[in-house]
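Student: Submitted below is the structure of interest, expressed as structure tokens.
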Amino acid sequence: YKPAPGEGQTQVDWTAKVSALTRRRVEILYSSMGFKTFEDYLEALGREVLIEMDDNTFVDHDTLRALLPEWCKNAGANYNHIVASHDITDLPRYFKAGAKRALVIGGGPSVQRRGHLGQLQKCLYNMSAYRPFFIVATDKMAAQCIENKIILDLVVSLDSNLKIREFLTDHVLKAMNKVGAALVLSVTSPPELVAAASKHRVRCFFHIPWIEAKFAPNVALMLHSMFDGKVSTMNAAGNCGGLGWVAACAAGCRKVALIGMDMGYYPDQRLDDTAYAADIRRMAGNDPEKFGKFFSHYEHKCWGVLGGKYLTDFVFQGYLDTFLALIKGTPAVQTFNCTEGGVLCGERMKGGVPNLKCIKFKDFLEARG
């Protein structure tokens, strides 16, 4: 474990440096595109995004206006902790995971409906001290895994909002420290979380989230420059479950199973209660007909569902398209979708995804090698 610099050591006001760097890069960005101010650029980008709804775009100018300053502020506040910690590519040095099968536990509804944590707990209990899996949990699932006495190797978190501390509480961080579990974070993670992880001596591995140029050009490059190229940029498909898969691959695992990766909802889910309903309703201008067009139904061929087809929205569809491209672009890694629900399936991508198979979680747990 490498602690962050103590209060008695010299501290550098990196927030000022970040602000200056951000301002300069933003000026270059909007002036090169013919805009007089950054506000003009955001307004134009927002209009483009709102018009091109079929492009699975869900970041509008209001979101960018809120997130860009937060990302840069968080990265600046985290600077001293990050340079004293580890890069995501350092994972193989600390986890001998290459010979193990990885399991990524997402927060989708199928985890509860299929009783997957109970199945995993029983399997691990029967195997006693032998740990055949490299287990990665999303932040949302960390506490539930701990409650079920599932020993985690990694917990991943991507969100920059402080609300994430509702999942990664001091109790969870203490429990992670006890079993030697590590955190994989973004450089833009909430400084309060990063500081708490340091306080509870939880080893942290950082990365810079890849952000599509259409949403926020040069942001990833700006953050990369901020850390002098010492922090790797990773495409995590824009969601925590995707980051879990990336972390498992980075740790050296070549067989990765997924549970809780529904990327959608069951047919009995009310549209108004879906994850992004408030944002979608705002983008639809409170028009019920437009609101409904942001959703689609899908019948998964590998597992049925009572009451009709699975439901997904255009946000999850964007995550899904990117995640499928990531899996297909990594042929050395065999991915098993054991979610037993939702819409993640290789047939949703043109040409299919040969290295993605949908199997029951029970079959994965019972398999050998």
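Within each chain, counting starts at residue 1; across the structure tokens, chains are named A, B, ... in the order shown, with ligands numbered 1 upward in that order.
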Pick out the residues sitting within 9 Å of Ile164 in chain A, and hand them over as a PyMOL selection string; count only C-alpha atoms, and ignore anything fewer than 5 positions along from it in its own chain.
Tutor: chain A and resi 139-140+157+159+169+190+193
Student: Now that the selection is made, can you save its residues with C-alpha atoms as a PDB file, in the first residue's frame?
Tutor:
ATOM      1  CA  ASP A 139     -19.961  -0.136  -6.407  1.00  0.00           C
ATOM      2  CA  LYS A 140     -23.709  -0.696  -6.137  1.00  0.00           C
ATOM      3  CA  SER A 157     -16.645   2.805  -9.499  1.00  0.00           C
ATOM      4  CA  ASP A 159     -19.360   7.964 -11.234  1.00  0.00           C
ATOM      5  CA  THR A 169     -19.560   3.679   2.851  1.00  0.00           C
ATOM      6  CA  PRO A 190     -15.441  12.148  -5.862  1.00  0.00           C
ATOM      7  CA  LEU A 193     -14.397   8.793  -1.784  1.00  0.00           C
TER       8      LEU A 193
END
Student: According to DSSP computed on the backbone, where in range 76-306 of chain A is there strand (DSSP E or B)? Give the residues as JSON, numbers by chain.
Tutor: {"A": [86, 87, 101, 102, 103, 104, 105, 133, 134, 135, 136, 137, 138, 154, 155, 156, 182, 183, 184, 185, 186, 204, 205, 206, 207, 208, 209, 233, 234, 255, 256, 257, 258, 259, 265, 295, 296, 297, 298]}
Student: Kindly give the distance, in Å, that separates CA of Ile105 in chain A and CA of Gln269 in chain A, rounded to a single decimal.
Tutor: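 Going from CA of Ile105 in chain A over to CA of Gln269 in chain A covers 21.5 Å.
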Student: Let me make sure I understand: among A:Ile151, A:Gly229, A:Leu103, A:Arg282, which one has the smallest atom-to-atom distance to Gln334 in chain A if we use only C-alpha atoms?
Tutor: A:Leu103
Student: What gap, in Å, lies between CA of Val315 in chain A and CA of Cys253 in chain A?
Tutor: 28.3 Å
Student: Do a neighbour search on Lys350 in chain A at 12 Å with only C-alpha atoms, toss out local chain neighbours closer than 4 positions, and write the hits as number ranges by chain.
Tutor: A: 321, 324-325, 328, 345-346, 354
Student: I'd like to know which of A:Glu347, A:Asp363, A:Ile208, A:Asp153 is closest to Arg131 in chain A, using only C-alpha atoms.
Tutor: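 Of all the options, A:Asp153 lies closest to Arg131 in chain A.
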Student: For Ala237 in chain A, which residue among A:Leu311, A:Ala137, A:Leu158, A:His86 is the nearest when counting only C-alpha atoms?
Tutor: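 Of all the options, A:Leu158 lies closest to Ala237 in chain A.
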Student: Set the distance at 12 Å and use only C-alpha atoms: which residues neighbour Ala367 in chain A once local chain neighbours fewer than 4 positions away are removed? I'd like the list as a ChimeraX atom specification.
Tutor: /A:101,123,132-133,255,257,336,359-363
Student: So that I have them on file, write out the residues from the current selection with N, CA and C atoms, as an mmCIF file, in the first residue's frame.
Tutor:
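This went into result_7.cif:
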data_model
loop_
_atom_site.group_PDB
_atom_site.id
_atom_site.type_symbol
_atom_site.label_atom_id
_atom_site.label_comp_id
_atom_site.auth_asym_id
_atom_site.auth_seq_id
_atom_site.Cartn_x
_atom_site.Cartn_y
_atom_site.Cartn_z
ATOM 1 N N ARG A 101 -10.779 -17.724 -13.570
ATOM 2 C CA ARG A 101 -11.924 -17.194 -14.301
ATOM 3 C C ARG A 101 -12.457 -15.998 -13.521
ATOM 4 N N CYS A 123 -21.706 -21.898 -3.777
ATOM 5 C CA CYS A 123 -20.591 -22.463 -4.540
ATOM 6 C C CYS A 123 -19.263 -22.211 -3.834
ATOM 7 N N PRO A 132 -11.525 -20.080 -6.888
ATOM 8 C CA PRO A 132 -11.292 -20.267 -8.324
ATOM 9 C C PRO A 132 -11.623 -19.046 -9.169
ATOM 10 N N PHE A 133 -12.283 -18.065 -8.547
ATOM 11 C CA PHE A 133 -12.747 -16.915 -9.319
ATOM 12 C C PHE A 133 -12.047 -15.627 -8.869
ATOM 13 N N LYS A 255 -11.057 -15.454 -19.242
ATOM 14 C CA LYS A 255 -12.431 -15.932 -19.240
ATOM 15 C C LYS A 255 -13.186 -15.086 -18.213
ATOM 16 N N ALA A 257 -16.994 -13.917 -16.772
ATOM 17 C CA ALA A 257 -18.447 -14.107 -16.701
ATOM 18 C C ALA A 257 -19.104 -12.847 -16.164
ATOM 19 N N PHE A 336 -18.679 -14.638 -20.950
ATOM 20 C CA PHE A 336 -19.896 -15.421 -20.740
ATOM 21 C C PHE A 336 -20.938 -14.536 -20.057
ATOM 22 N N ILE A 359 -24.898 -18.166 -21.207
ATOM 23 C CA ILE A 359 -25.109 -19.443 -20.527
ATOM 24 C C ILE A 359 -25.714 -19.174 -19.153
ATOM 25 N N LYS A 360 -26.282 -20.200 -18.540
ATOM 26 C CA LYS A 360 -26.824 -20.055 -17.198
ATOM 27 C C LYS A 360 -25.689 -19.926 -16.189
ATOM 28 N N PHE A 361 -25.920 -19.148 -15.152
ATOM 29 C CA PHE A 361 -24.896 -18.929 -14.131
ATOM 30 C C PHE A 361 -24.506 -20.242 -13.458
ATOM 31 N N LYS A 362 -25.476 -21.110 -13.242
ATOM 32 C CA LYS A 362 -25.212 -22.413 -12.633
ATOM 33 C C LYS A 362 -24.195 -23.197 -13.447
ATOM 34 N N ASP A 363 -24.321 -23.150 -14.766
ATOM 35 C CA ASP A 363 -23.391 -23.879 -15.636
ATOM 36 C C ASP A 363 -21.983 -23.307 -15.550
#
Student: Measure the distance from CA of Asn148 in chain A to CA of Phe316 in chain A in Å and round it to one decimal.
Tutor: 28.1 Å
Student: Name the closest residue to Val194 in chain A among the candidates A:Lys301, A:Ala77, A:Lys163, A:Leu365; distances are taken between atoms, counting only C-alpha atoms.
Tutor: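 Closest residue, counting only C-alpha atoms: A:Ala77.
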Student: Go through A:Glu366, A:Glu70, A:Asp262, A:Asp287 one by one, measure the shortest atom-to-atom distance of each to Leu162 in chain A using only C-alpha atoms, and give the residue with the smallest value.
Tutor: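 Answer, going by the shortest atom-to-atom distance: A:Glu70.
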Student: Name the residues of range 111-245 of chain A that fall into alpha helix (DSSP H) according to DSSP on the backbone, using the chain letters and numbers of this document, as a PyMOL selection string.
Tutor: chain A and resi 111-113+116-126+139-147+170-179+191-199+219-226+240-245
Student: Pick from A:Met261, A:Cys204, A:Leu120, A:Ala332: nearest to Tyr319 in chain A, with only C-alpha atoms counted?
Tutor: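 Nearest candidate to Tyr319 in chain A out of A:Met261, A:Cys204, A:Leu120, A:Ala332: A:Met261.
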Student: Any idea what's packed within 10 Å of His224 in chain A, counting only C-alpha atoms, ignoring anything in its chain fewer than 4 positions away? Could you give it as a list in words?
Tutor: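 Within the cut-off, the hits are Val187, His207, Ile208, Pro209, Asn218, Val219, Ala220, Asp228, Gly229, Lys230, Val231, Ser232 and Thr233 of chain A.
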Student: Save out the residues we just selected, all heavy atoms, as a short mmCIF file (atom, residue, chain, number, x, y, z; two decimals), in the first residue's frame.
Tutor:
data_model
loop_
_atom_site.label_atom_id
_atom_site.label_comp_id
_atom_site.auth_asym_id
_atom_site.auth_seq_id
_atom_site.Cartn_x
_atom_site.Cartn_y
_atom_site.Cartn_z
N VAL A 187 -10.11 9.05 -12.44
CA VAL A 187 -9.45 10.24 -11.89
C VAL A 187 -10.48 11.30 -11.51
O VAL A 187 -10.19 12.21 -10.73
CB VAL A 187 -8.43 10.84 -12.88
CG1 VAL A 187 -7.30 9.86 -13.16
CG2 VAL A 187 -9.11 11.26 -14.19
N HIS A 207 -7.82 5.24 -13.54
CA HIS A 207 -7.79 5.33 -15.00
C HIS A 207 -8.49 6.62 -15.41
O HIS A 207 -9.21 7.24 -14.62
CB HIS A 207 -8.50 4.14 -15.65
CG HIS A 207 -10.00 4.23 -15.62
ND1 HIS A 207 -10.73 4.13 -14.44
CD2 HIS A 207 -10.92 4.44 -16.62
CE1 HIS A 207 -12.02 4.26 -14.72
NE2 HIS A 207 -12.16 4.45 -16.02
N ILE A 208 -8.27 7.04 -16.64
CA ILE A 208 -8.98 8.18 -17.22
C ILE A 208 -10.08 7.62 -18.11
O ILE A 208 -9.80 6.83 -19.02
CB ILE A 208 -8.04 9.06 -18.06
CG1 ILE A 208 -6.97 9.69 -17.15
CG2 ILE A 208 -8.81 10.15 -18.80
CD1 ILE A 208 -5.85 10.37 -17.93
N PRO A 209 -11.34 7.96 -17.86
CA PRO A 209 -12.42 7.42 -18.70
C PRO A 209 -12.37 8.00 -20.11
O PRO A 209 -12.22 9.20 -20.29
CB PRO A 209 -13.69 7.86 -17.96
CG PRO A 209 -13.27 9.06 -17.17
CD PRO A 209 -11.83 8.85 -16.80
N ASN A 218 -11.58 16.37 -26.69
CA ASN A 218 -10.31 16.70 -26.02
C ASN A 218 -10.33 16.57 -24.50
O ASN A 218 -9.32 16.82 -23.86
CB ASN A 218 -9.85 18.13 -26.37
CG ASN A 218 -9.49 18.27 -27.84
OD1 ASN A 218 -9.16 17.28 -28.48
ND2 ASN A 218 -9.57 19.47 -28.35
N VAL A 219 -11.45 16.16 -23.90
CA VAL A 219 -11.49 16.06 -22.45
C VAL A 219 -10.55 14.97 -21.95
O VAL A 219 -9.76 15.18 -21.02
CB VAL A 219 -12.92 15.80 -21.93
CG1 VAL A 219 -12.90 15.49 -20.44
CG2 VAL A 219 -13.79 17.02 -22.20
N ALA A 220 -10.60 13.79 -22.58
CA ALA A 220 -9.70 12.70 -22.18
C ALA A 220 -8.24 13.11 -22.38
O ALA A 220 -7.38 12.83 -21.54
CB ALA A 220 -10.02 11.43 -22.96
N ASP A 228 0.51 14.00 -16.89
CA ASP A 228 1.78 13.77 -17.60
C ASP A 228 1.84 12.41 -18.26
O ASP A 228 2.91 11.79 -18.33
CB ASP A 228 2.96 13.94 -16.63
CG ASP A 228 3.03 15.34 -16.05
OD1 ASP A 228 2.77 16.30 -16.80
OD2 ASP A 228 3.33 15.48 -14.85
N GLY A 229 0.70 11.92 -18.72
CA GLY A 229 0.67 10.65 -19.43
C GLY A 229 0.89 9.43 -18.56
O GLY A 229 1.08 8.32 -19.07
N LYS A 230 0.84 9.59 -17.24
CA LYS A 230 1.13 8.47 -16.34
C LYS A 230 -0.11 7.69 -15.93
O LYS A 230 -0.01 6.69 -15.22
CB LYS A 230 1.85 9.00 -15.09
CG LYS A 230 3.22 9.60 -15.40
CD LYS A 230 3.87 10.16 -14.15
CE LYS A 230 5.23 10.78 -14.49
NZ LYS A 230 5.88 11.38 -13.30
N VAL A 231 -1.29 8.15 -16.35
CA VAL A 231 -2.53 7.45 -16.05
C VAL A 231 -3.16 7.01 -17.38
O VAL A 231 -3.32 7.81 -18.29
CB VAL A 231 -3.51 8.34 -15.26
CG1 VAL A 231 -4.79 7.57 -14.93
CG2 VAL A 231 -2.86 8.85 -13.98
N SER A 232 -3.51 5.74 -17.46
CA SER A 232 -4.02 5.18 -18.71
C SER A 232 -5.47 5.59 -18.96
O SER A 232 -6.26 5.72 -18.04
CB SER A 232 -3.94 3.65 -18.66
OG SER A 232 -2.61 3.22 -18.48
N THR A 233 -5.78 5.78 -20.23
CA THR A 233 -7.16 6.06 -20.65
C THR A 233 -7.82 4.75 -21.05
O THR A 233 -7.26 3.98 -21.83
CB THR A 233 -7.18 7.04 -21.84
OG1 THR A 233 -6.55 8.26 -21.44
CG2 THR A 233 -8.60 7.33 -22.27
#
